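The file start.txt contains compact mmCIF, C-alpha atoms:
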# COMPACT_ATOMS: atom_id res chain seq x y z
CA MET A 1 -5.88 46.19 -22.24
CA LYS A 2 -2.10 46.24 -22.51
CA PRO A 3 -0.65 43.84 -25.13
CA GLU A 4 1.25 41.96 -22.41
CA ASN A 5 -1.95 41.37 -20.42
CA ARG A 6 -3.75 40.27 -23.57
CA LYS A 7 -0.96 37.81 -24.31
CA GLN A 8 -1.17 36.39 -20.79
CA GLU A 9 -4.94 36.09 -21.14
CA ILE A 10 -4.47 34.06 -24.35
CA ILE A 11 -1.93 31.82 -22.62
CA ASN A 12 -4.26 31.21 -19.67
CA ALA A 13 -7.19 30.36 -21.95
CA ALA A 14 -4.96 28.00 -23.94
CA ALA A 15 -3.84 26.22 -20.75
CA VAL A 16 -7.49 25.46 -19.93
CA LEU A 17 -8.12 24.08 -23.44
CA PHE A 18 -4.89 22.03 -23.41
CA LYS A 19 -5.93 20.56 -20.06
CA GLU A 20 -9.39 19.61 -21.33
CA LYS A 21 -8.51 18.27 -24.79
CA GLY A 22 -4.74 17.78 -24.84
CA TYR A 23 -2.32 20.03 -26.74
CA SER A 24 -2.49 18.08 -30.02
CA ALA A 25 -6.28 18.31 -30.30
CA VAL A 26 -6.49 22.09 -29.79
CA THR A 27 -6.35 24.44 -32.79
CA MET A 28 -5.71 28.19 -32.85
CA ARG A 29 -9.29 28.43 -34.15
CA ASP A 30 -10.58 26.62 -31.02
CA LEU A 31 -8.62 29.05 -28.90
CA ALA A 32 -9.98 32.12 -30.71
CA SER A 33 -13.49 30.75 -30.44
CA ALA A 34 -13.11 30.03 -26.70
CA MET A 35 -12.02 33.65 -26.22
CA GLY A 36 -14.75 35.05 -28.47
CA ILE A 37 -12.27 36.76 -30.82
CA LYS A 38 -11.19 36.24 -34.43
CA ALA A 39 -8.35 33.81 -35.14
CA ALA A 40 -6.52 36.54 -37.04
CA SER A 41 -6.36 38.78 -33.99
CA LEU A 42 -4.71 35.99 -31.95
CA TYR A 43 -1.74 36.33 -34.27
CA ASN A 44 -1.22 39.93 -33.20
CA HIS A 45 -0.07 38.51 -29.86
CA ILE A 46 1.10 34.97 -30.47
CA GLN A 47 2.84 33.36 -33.42
CA SER A 48 1.87 29.74 -32.88
CA LYS A 49 0.42 27.10 -30.59
CA GLN A 50 4.00 25.99 -29.92
CA GLU A 51 4.89 29.48 -28.67
CA ILE A 52 2.01 29.26 -26.19
CA LEU A 53 3.01 25.78 -24.99
CA SER A 54 6.64 26.71 -24.48
CA ASN A 55 5.58 29.91 -22.73
CA ILE A 56 3.46 27.90 -20.27
CA ILE A 57 5.93 25.10 -19.61
CA ILE A 58 9.25 26.92 -19.70
CA SER A 59 8.08 29.66 -17.35
CA LEU A 60 6.82 27.05 -14.86
CA ALA A 61 9.99 24.99 -15.12
CA GLU A 62 12.09 28.13 -14.59
CA GLU A 63 9.99 28.97 -11.54
CA PHE A 64 10.70 25.54 -10.03
CA SER A 65 14.33 25.80 -11.03
CA THR A 66 14.86 29.22 -9.46
CA GLY A 67 12.89 28.14 -6.42
CA ILE A 68 14.83 24.98 -5.66
CA ASN A 69 18.18 26.67 -6.27
CA SER A 70 17.36 29.45 -3.84
CA ILE A 71 16.11 26.92 -1.25
CA ASN A 72 19.21 24.79 -1.73
CA ASN A 73 21.52 27.77 -1.25
CA SER A 74 19.89 28.82 2.02
CA GLU A 75 21.59 28.10 5.34
CA THR A 76 19.10 25.49 6.55
CA ASN A 77 19.10 21.76 7.14
CA ALA A 78 17.63 19.13 4.79
CA ILE A 79 14.25 18.92 6.51
CA GLN A 80 13.79 22.69 6.40
CA LYS A 81 14.73 22.61 2.71
CA LEU A 82 12.18 19.87 2.01
CA GLU A 83 9.52 21.91 3.84
CA LYS A 84 10.28 24.87 1.57
CA ILE A 85 10.14 22.63 -1.51
CA ILE A 86 6.69 21.35 -0.48
CA GLU A 87 5.56 24.98 -0.04
CA LEU A 88 6.99 25.85 -3.45
CA HIS A 89 4.92 23.13 -5.13
CA ILE A 90 1.79 24.18 -3.25
CA ASP A 91 2.29 27.86 -4.15
CA VAL A 92 2.78 27.11 -7.84
CA THR A 93 -0.24 24.77 -7.82
CA LEU A 94 -2.43 27.44 -6.21
CA ARG A 95 -1.37 30.00 -8.79
CA ASN A 96 -1.37 27.90 -11.94
CA ALA A 97 -2.92 24.44 -11.78
CA ASP A 98 -3.94 24.65 -15.46
CA GLY A 99 -0.37 25.35 -16.53
CA LEU A 100 0.86 22.38 -14.48
CA ALA A 101 -1.55 20.15 -16.41
CA SER A 102 0.16 21.25 -19.65
CA LEU A 103 3.58 20.69 -18.11
CA ASN A 104 2.67 17.18 -17.00
CA ASN A 105 0.66 16.05 -20.03
CA ASP A 106 2.18 17.92 -22.93
CA TRP A 107 5.88 18.62 -22.23
CA MET A 108 6.77 16.02 -24.89
CA HIS A 109 5.20 18.27 -27.53
CA LEU A 110 7.80 20.97 -26.95
CA GLU A 111 10.05 21.39 -29.97
CA GLU A 112 13.83 21.12 -30.23
CA ASN A 113 15.64 23.59 -27.99
CA ASN A 114 12.67 24.14 -25.71
CA LEU A 115 12.37 20.40 -25.17
CA LEU A 116 16.07 20.07 -24.38
CA TYR A 117 15.96 23.10 -22.07
CA TYR A 118 12.91 21.73 -20.25
CA GLU A 119 14.44 18.27 -19.85
CA LYS A 120 17.67 19.80 -18.54
CA MET A 121 15.79 21.83 -15.93
CA ARG A 122 13.77 18.81 -14.91
CA ARG A 123 16.90 16.67 -14.52
CA GLU A 124 18.67 19.37 -12.52
CA TYR A 125 15.64 19.80 -10.29
CA GLU A 126 15.63 16.09 -9.46
CA ASP A 127 19.41 16.11 -8.95
CA ILE A 128 19.20 18.95 -6.43
CA PHE A 129 16.28 17.25 -4.66
CA ARG A 130 18.28 14.00 -4.50
CA ALA A 131 21.39 15.83 -3.22
CA ILE A 132 19.38 17.50 -0.44
CA VAL A 133 18.04 14.09 0.66
CA LYS A 134 21.53 12.51 0.56
CA LYS A 135 23.03 15.34 2.62
CA GLY A 136 20.15 15.03 5.08
CA ILE A 137 20.82 11.31 5.52
CA ARG A 138 24.56 11.89 6.00
CA ALA A 139 23.86 14.63 8.56
CA GLY A 140 21.42 12.36 10.42
CA ASP A 141 18.44 14.67 9.77
CA ILE A 142 16.73 12.09 7.53
CA LYS A 143 16.45 8.37 8.30
CA THR A 144 18.57 6.05 6.17
CA TYR A 145 16.08 4.83 3.64
CA ASP A 146 16.79 4.34 -0.05
CA VAL A 147 17.25 7.81 -1.59
CA GLU A 148 15.30 7.00 -4.77
CA ILE A 149 12.34 5.72 -2.77
CA ILE A 150 12.30 8.93 -0.71
CA VAL A 151 12.56 11.16 -3.79
CA PHE A 152 9.84 9.24 -5.66
CA SER A 153 7.45 9.09 -2.69
CA THR A 154 7.67 12.83 -2.16
CA LEU A 155 7.76 14.09 -5.75
CA SER A 156 4.96 11.77 -6.95
CA THR A 157 2.63 13.47 -4.49
CA LEU A 158 3.81 17.03 -5.18
CA ARG A 159 3.61 16.53 -8.95
CA THR A 160 -0.01 15.37 -8.89
CA LEU A 161 -1.24 18.06 -6.49
CA TYR A 162 -2.58 20.08 -9.45
CA LEU A 163 -5.03 17.27 -10.26
CA TRP A 164 -6.33 16.82 -6.76
CA TYR A 165 -6.29 20.17 -4.98
CA PRO A 166 -8.61 22.14 -7.32
CA LYS A 167 -11.36 19.61 -6.47
CA GLN A 168 -10.97 20.10 -2.69
CA LYS A 169 -13.34 22.68 -1.29
CA LYS A 170 -12.70 22.33 2.42
CA ILE A 171 -8.92 22.57 2.55
CA ASN A 172 -7.45 26.07 2.71
CA PRO A 173 -3.85 26.69 1.61
CA GLU A 174 -2.55 27.05 5.18
CA LEU A 175 -4.04 23.69 6.25
CA LEU A 176 -2.72 22.11 3.04
CA LYS A 177 0.82 23.34 3.71
CA HIS A 178 0.81 22.36 7.36
CA ASP A 179 -0.69 18.89 6.97
CA MET A 180 1.14 18.00 3.76
CA ILE A 181 4.50 18.93 5.29
CA SER A 182 3.60 16.83 8.35
CA VAL A 183 2.33 13.82 6.39
CA LEU A 184 5.22 13.77 3.89
CA LEU A 185 8.02 14.45 6.36
CA LYS A 186 6.84 13.19 9.74
CA GLY A 187 4.53 10.37 8.65
CA LEU A 188 1.17 9.23 9.96
CA VAL A 189 2.20 7.28 13.03
CA MET B 1 -0.74 -23.45 -26.58
CA LYS B 2 -4.09 -23.57 -24.80
CA PRO B 3 -6.67 -21.03 -26.03
CA GLU B 4 -6.77 -19.39 -22.58
CA ASN B 5 -2.99 -18.88 -22.60
CA ARG B 6 -3.16 -17.52 -26.13
CA LYS B 7 -5.84 -15.06 -25.07
CA GLN B 8 -3.73 -13.90 -22.12
CA GLU B 9 -0.74 -13.49 -24.43
CA ILE B 10 -2.81 -11.24 -26.70
CA ILE B 11 -3.96 -9.20 -23.71
CA ASN B 12 -0.39 -8.77 -22.48
CA ALA B 13 0.86 -7.68 -25.91
CA ALA B 14 -2.04 -5.23 -26.17
CA ALA B 15 -1.21 -3.72 -22.77
CA VAL B 16 2.31 -2.93 -24.00
CA LEU B 17 0.97 -1.28 -27.17
CA PHE B 18 -1.69 0.69 -25.25
CA LYS B 19 1.04 1.94 -22.90
CA GLU B 20 3.27 3.04 -25.78
CA LYS B 21 0.70 4.62 -28.10
CA GLY B 22 -2.48 5.02 -26.05
CA TYR B 23 -5.61 2.89 -26.48
CA SER B 24 -7.20 5.09 -29.15
CA ALA B 25 -4.19 4.96 -31.47
CA VAL B 26 -3.81 1.15 -31.45
CA THR B 27 -5.62 -0.96 -34.07
CA MET B 28 -6.27 -4.70 -34.05
CA ARG B 29 -3.98 -4.77 -37.09
CA ASP B 30 -1.15 -3.17 -35.04
CA LEU B 31 -1.69 -5.80 -32.38
CA ALA B 32 -1.61 -8.70 -34.86
CA SER B 33 1.52 -7.28 -36.44
CA ALA B 34 3.25 -6.85 -33.05
CA MET B 35 2.52 -10.52 -32.35
CA GLY B 36 3.54 -11.71 -35.80
CA ILE B 37 0.13 -13.26 -36.55
CA LYS B 38 -2.73 -12.48 -38.94
CA ALA B 39 -5.43 -10.07 -37.81
CA ALA B 40 -8.07 -12.69 -38.62
CA SER B 41 -6.59 -15.17 -36.15
CA LEU B 42 -6.80 -12.58 -33.34
CA TYR B 43 -10.56 -12.81 -33.68
CA ASN B 44 -10.51 -16.50 -32.77
CA HIS B 45 -9.62 -15.35 -29.26
CA ILE B 46 -10.85 -11.79 -28.87
CA GLN B 47 -13.89 -10.00 -30.27
CA SER B 48 -12.69 -6.42 -30.09
CA LYS B 49 -10.17 -3.93 -28.75
CA GLN B 50 -12.78 -2.96 -26.17
CA GLU B 51 -12.92 -6.54 -24.89
CA ILE B 52 -9.16 -6.44 -24.37
CA LEU B 53 -9.25 -3.10 -22.56
CA SER B 54 -12.06 -4.14 -20.23
CA ASN B 55 -10.28 -7.43 -19.59
CA ILE B 56 -7.12 -5.57 -18.52
CA ILE B 57 -8.77 -2.89 -16.42
CA ILE B 58 -11.66 -4.76 -14.82
CA SER B 59 -9.47 -7.65 -13.70
CA LEU B 60 -6.98 -5.20 -12.11
CA ALA B 61 -9.75 -3.21 -10.45
CA GLU B 62 -11.29 -6.41 -9.10
CA GLU B 63 -7.90 -7.44 -7.75
CA PHE B 64 -7.60 -4.13 -5.84
CA SER B 65 -11.19 -4.41 -4.74
CA THR B 66 -10.87 -7.95 -3.40
CA GLY B 67 -7.53 -7.05 -1.84
CA ILE B 68 -8.67 -3.99 0.10
CA ASN B 69 -11.86 -5.72 1.28
CA SER B 70 -9.92 -8.65 2.64
CA ILE B 71 -7.41 -6.29 4.32
CA ASN B 72 -10.21 -4.19 5.78
CA ASN B 73 -11.96 -7.26 7.21
CA SER B 74 -8.83 -8.53 8.97
CA GLU B 75 -8.44 -8.10 12.74
CA THR B 76 -5.64 -5.53 12.59
CA ASN B 77 -5.25 -1.85 13.37
CA ALA B 78 -5.24 0.98 10.80
CA ILE B 79 -1.47 1.14 10.43
CA GLN B 80 -1.22 -2.61 9.79
CA LYS B 81 -4.00 -2.27 7.23
CA LEU B 82 -2.18 0.57 5.46
CA GLU B 83 1.00 -1.55 5.41
CA LYS B 84 -0.95 -4.34 3.69
CA ILE B 85 -2.44 -1.87 1.21
CA ILE B 86 1.03 -0.61 0.29
CA GLU B 87 2.15 -4.22 -0.23
CA LEU B 88 -0.92 -4.87 -2.37
CA HIS B 89 -0.02 -1.98 -4.69
CA ILE B 90 3.59 -3.10 -4.90
CA ASP B 91 2.61 -6.72 -5.66
CA VAL B 92 0.20 -5.70 -8.43
CA THR B 93 2.81 -3.30 -9.87
CA LEU B 94 5.46 -6.03 -9.92
CA ARG B 95 3.12 -8.42 -11.69
CA ASN B 96 1.44 -6.10 -14.17
CA ALA B 97 2.93 -2.61 -14.62
CA ASP B 98 1.78 -2.54 -18.27
CA GLY B 99 -1.81 -3.23 -17.27
CA LEU B 100 -1.66 -0.45 -14.68
CA ALA B 101 -0.63 1.96 -17.43
CA SER B 102 -3.87 1.08 -19.30
CA LEU B 103 -5.88 1.45 -16.11
CA ASN B 104 -4.43 4.89 -15.42
CA ASN B 105 -4.36 6.29 -18.95
CA ASP B 106 -7.26 4.59 -20.68
CA TRP B 107 -10.01 3.79 -18.14
CA MET B 108 -12.15 6.54 -19.69
CA HIS B 109 -12.30 4.53 -22.93
CA LEU B 110 -14.23 1.74 -21.23
CA GLU B 111 -17.77 1.50 -22.57
CA GLU B 112 -21.07 1.70 -20.71
CA ASN B 113 -21.45 -0.96 -18.04
CA ASN B 114 -17.73 -1.62 -17.79
CA LEU B 115 -17.09 2.08 -17.22
CA LEU B 116 -19.78 2.27 -14.53
CA TYR B 117 -18.49 -0.91 -12.89
CA TYR B 118 -14.89 0.38 -12.91
CA GLU B 119 -15.90 3.76 -11.49
CA LYS B 120 -17.94 2.06 -8.77
CA MET B 121 -14.99 -0.12 -7.74
CA ARG B 122 -12.65 2.89 -7.75
CA ARG B 123 -15.05 4.90 -5.59
CA GLU B 124 -15.50 2.02 -3.14
CA TYR B 125 -11.75 1.50 -2.95
CA GLU B 126 -11.22 5.13 -1.99
CA ASP B 127 -14.10 4.98 0.49
CA ILE B 128 -12.63 1.96 2.26
CA PHE B 129 -9.17 3.58 2.30
CA ARG B 130 -10.71 6.77 3.76
CA ALA B 131 -12.66 4.79 6.38
CA ILE B 132 -9.50 2.97 7.50
CA VAL B 133 -7.70 6.31 7.96
CA LYS B 134 -10.65 7.81 9.86
CA LYS B 135 -10.86 4.82 12.20
CA GLY B 136 -7.10 5.00 12.72
CA ILE B 137 -7.34 8.66 13.72
CA ARG B 138 -10.24 7.95 16.11
CA ALA B 139 -8.31 5.05 17.66
CA GLY B 140 -5.21 7.22 18.09
CA ASP B 141 -3.11 5.06 15.74
CA ILE B 142 -2.84 7.82 13.13
CA LYS B 143 -2.10 11.48 13.92
CA THR B 144 -4.98 13.91 13.47
CA TYR B 145 -4.23 15.36 10.07
CA ASP B 146 -6.82 16.11 7.42
CA VAL B 147 -8.13 12.76 6.11
CA GLU B 148 -8.19 13.85 2.46
CA ILE B 149 -4.58 15.04 2.61
CA ILE B 150 -3.51 11.68 4.08
CA VAL B 151 -5.45 9.68 1.47
CA PHE B 152 -4.14 11.78 -1.42
CA SER B 153 -0.51 11.78 -0.23
CA THR B 154 -0.49 8.00 0.05
CA LEU B 155 -2.54 7.02 -3.00
CA SER B 156 -0.80 9.48 -5.35
CA THR B 157 2.46 7.65 -4.68
CA LEU B 158 1.02 4.13 -4.89
CA ARG B 159 -0.86 4.91 -8.10
CA THR B 160 2.24 6.15 -9.94
CA LEU B 161 4.52 3.31 -8.80
CA TYR B 162 4.00 1.56 -12.15
CA LEU B 163 5.68 4.47 -13.95
CA TRP B 164 8.70 4.68 -11.70
CA TYR B 165 9.54 1.21 -10.43
CA PRO B 166 10.16 -0.53 -13.80
CA LYS B 167 13.01 1.98 -14.38
CA GLN B 168 14.71 1.20 -11.05
CA LYS B 169 17.41 -1.43 -11.37
CA LYS B 170 18.89 -1.37 -7.89
CA ILE B 171 15.77 -1.70 -5.74
CA ASN B 172 14.55 -5.23 -5.09
CA PRO B 173 10.91 -5.85 -4.09
CA GLU B 174 11.75 -6.49 -0.42
CA LEU B 175 13.66 -3.20 -0.07
CA LEU B 176 10.85 -1.42 -1.92
CA LYS B 177 8.20 -2.77 0.46
CA HIS B 178 10.21 -2.06 3.58
CA ASP B 179 11.34 1.46 2.70
CA MET B 180 8.09 2.55 1.09
CA ILE B 181 6.08 1.44 4.11
CA SER B 182 8.52 3.32 6.34
CA VAL B 183 8.60 6.50 4.24
CA LEU B 184 4.82 6.67 3.72
CA LEU B 185 3.78 5.74 7.25
CA LYS B 186 6.64 6.77 9.53
CA GLY B 187 8.05 9.70 7.55
CA LEU B 188 11.60 10.83 6.94
CA VAL B 189 12.43 12.53 10.22

Encoded form using structure tokens:
Amino acid sequence: MKPENRKQEIINAAAVLFKEKGYSAVTMRDLASAMGIKAASLYNHIQSKQEILSNIIISLAEEFSTGINSINNSETNAIQKLEKIIELHIDVTLRNADGLASLNNDWMHLEENNLLYYEKMRREYEDIFRAIVKKGIRAGDIKTYDVEIIVFSTLSTLRTLYLWYPKQKKINPELLKHDMISVLLKGLV
Amino acid sequence: MKPENRKQEIINAAAVLFKEKGYSAVTMRDLASAMGIKAASLYNHIQSKQEILSNIIISLAEEFSTGINSINNSETNAIQKLEKIIELHIDVTLRNADGLASLNNDWMHLEENNLLYYEKMRREYEDIFRAIVKKGIRAGDIKTYDVEIIVFSTLSTLRTLYLWYPKQKKINPELLKHDMISVLLKGLV
């Protein structure tokens, strides 16, 4: 196995352990034991638990950051942008629900520059989301409700998808995208 | 102060500490110190940390349980029922956001019968919510989207209200009820 693949395998196994026990409770020894290898050989690939955590969270945050910037720069209206944002969250959830658990539960355990960088990306993400909603209201594409209530109602659902979707057996990704876009943007009535 | 008021004061102070540090990390000594009283005098009112936790969570769960049963038994259609459910969540959040933090973060620390009782109420709550949505779809009041996607999209927002709303300074309860009902039920478009 290539070293890069081995490193990714370690990161994936760590994300599962972090999800189950929380970052603070997991040791490098636990991780080695879960993978059936010696703790010493982990250190050929990874320097520390912190390196693993920042790898998981920063790469996810960058994915959201790149995604929302590209959506925001496209020549589409606010509703089309929100549809793409919902798809972005669903795609990331399908690919890496374990990593999203670390991001949601353990981001506060990031150290120093990684923590600042993560918080900056998170703030910018929300600012772009908010700006899209505001523009949509001004353009008449979105009804004139309170912007913060709209942003919270939408993001609270998208951010907890990783907890709920892995337990659903009967909902395929296409149905999820179609119905979630409809429910969140067009409502139930 | 009446003993019952003193007991409630202890429970409220504990809910704040549980929210800040998590149930497991809080000791009866921490609680006494936060209230400026001696640990021994806590025990005149409360037998254990577990008694406090179950008091917080079970009373909230019973409030939701009673609320949704009364809403479900009223002679209204599904959309009117969902409006009342949204108002129920907002009312409970306004009154006891700290308690909701314990319910969401620390329910798994309930012991034995309290845990079973809480889980039963939670299951029944979701079942009634699901049944209201299903009836609404059959009656043509709610569009025919996947029931689980509707339930998740709505409940994920209502269940995280306690985290978001206390930080909002510009949204009064009436605006919150009106706009949240509109956003969740009628959508943005």

Using all atoms listed in the file, determine which residues of chain B fall within 9 Å of chain A; present them as a CSV table (one decimal) with C-alpha atoms, in the coordinates of the input.
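iface.csv written:
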chain,number,residue,atom,x,y,z
B,79,ILE,CA,-1.5,1.1,10.4
B,140,GLY,CA,-5.2,7.2,18.1
B,141,ASP,CA,-3.1,5.1,15.7
B,142,ILE,CA,-2.8,7.8,13.1
B,143,LYS,CA,-2.1,11.5,13.9
B,144,THR,CA,-5.0,13.9,13.5
B,145,TYR,CA,-4.2,15.4,10.1
B,146,ASP,CA,-6.8,16.1,7.4
B,148,GLU,CA,-8.2,13.8,2.5
B,149,ILE,CA,-4.6,15.0,2.6
B,150,ILE,CA,-3.5,11.7,4.1
B,152,PHE,CA,-4.1,11.8,-1.4
B,153,SER,CA,-0.5,11.8,-0.2
B,154,THR,CA,-0.5,8.0,0.0
B,155,LEU,CA,-2.5,7.0,-3.0
B,156,SER,CA,-0.8,9.5,-5.4
B,157,THR,CA,2.5,7.6,-4.7
B,158,LEU,CA,1.0,4.1,-4.9
B,160,THR,CA,2.2,6.2,-9.9
B,161,LEU,CA,4.5,3.3,-8.8
B,164,TRP,CA,8.7,4.7,-11.7
B,168,GLN,CA,14.7,1.2,-11.0
B,171,ILE,CA,15.8,-1.7,-5.7
B,175,LEU,CA,13.7,-3.2,-0.1
B,176,LEU,CA,10.8,-1.4,-1.9
B,179,ASP,CA,11.3,1.5,2.7
B,180,MET,CA,8.1,2.6,1.1
B,182,SER,CA,8.5,3.3,6.3
B,183,VAL,CA,8.6,6.5,4.2
B,184,LEU,CA,4.8,6.7,3.7
B,185,LEU,CA,3.8,5.7,7.2
B,186,LYS,CA,6.6,6.8,9.5
B,187,GLY,CA,8.0,9.7,7.6
B,188,LEU,CA,11.6,10.8,6.9
B,189,VAL,CA,12.4,12.5,10.2

Counting only C-alpha atoms, the option among B:Lys134, B:Lys19, B:Arg29, B:His89 closest to Asn104 of chain B
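Closest candidate: B:Lys19.
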
Hey, what's within 12 Å of Asn113 of chain A if we count all atoms listed in the file and toss same-chain stuff fewer than 6 positions away? As a list of chain:residue names, please?
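Once the nearby chain positions are removed, what remains is A:Ser54, A:Ile58, A:Glu119, A:Lys120.
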
Write out as a PyMOL selection string the residues lying within 9 Å of Leu17 of chain A, counting only C-alpha atoms and excluding same-chain residues fewer than 3 positions away.
chain A and resi 12-14+20-23+26+30-31+34

Just to confirm, what's the straight-line distance from atom CA of Phe129 of chain A to atom CA of Ile181 of chain A in Å (one decimal)?
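Between atom CA of Phe129 of chain A and atom CA of Ile181 of chain A the gap is 15.5 Å.
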
Can you list, as a list in words, every protein, DNA or RNA residue that comes within 10 Å of Gln8 of chain A when you count all atoms listed in the file, leaving out same-chain residues fewer than 3 positions away?
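My list of contacting residues is Pro3, Glu4, Asn5, Ile11, Asn12, Ala13, Ala14, His45, Ile52, Asn55 and Ile56 of chain A.
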
Output the selection as a PDB file, in the frame of the given file - C-alpha atoms for each residue.
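So the final result, stored in out_1.pdb, reads:
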ATOM      1  CA  PRO A   3      -0.650  43.840 -25.130  1.00  0.00           C
ATOM      2  CA  GLU A   4       1.250  41.960 -22.410  1.00  0.00           C
ATOM      3  CA  ASN A   5      -1.950  41.370 -20.420  1.00  0.00           C
ATOM      4  CA  ILE A  11      -1.930  31.820 -22.620  1.00  0.00           C
ATOM      5  CA  ASN A  12      -4.260  31.210 -19.670  1.00  0.00           C
ATOM      6  CA  ALA A  13      -7.190  30.360 -21.950  1.00  0.00           C
ATOM      7  CA  ALA A  14      -4.960  28.000 -23.940  1.00  0.00           C
ATOM      8  CA  HIS A  45      -0.070  38.510 -29.860  1.00  0.00           C
ATOM      9  CA  ILE A  52       2.010  29.260 -26.190  1.00  0.00           C
ATOM     10  CA  ASN A  55       5.580  29.910 -22.730  1.00  0.00           C
ATOM     11  CA  ILE A  56       3.460  27.900 -20.270  1.00  0.00           C
TER      12      ILE A  56
END

What does the distance from atom CA of Ile68 of chain A to atom CA of Lys7 of chain A come to in Å, to one decimal?
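Atom CA of Ile68 of chain A sits 27.6 Å away from atom CA of Lys7 of chain A.
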
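Note that atom CA of Ser48 of chain A and atom CA of Lys2 of chain A are 19.9 Å apart.
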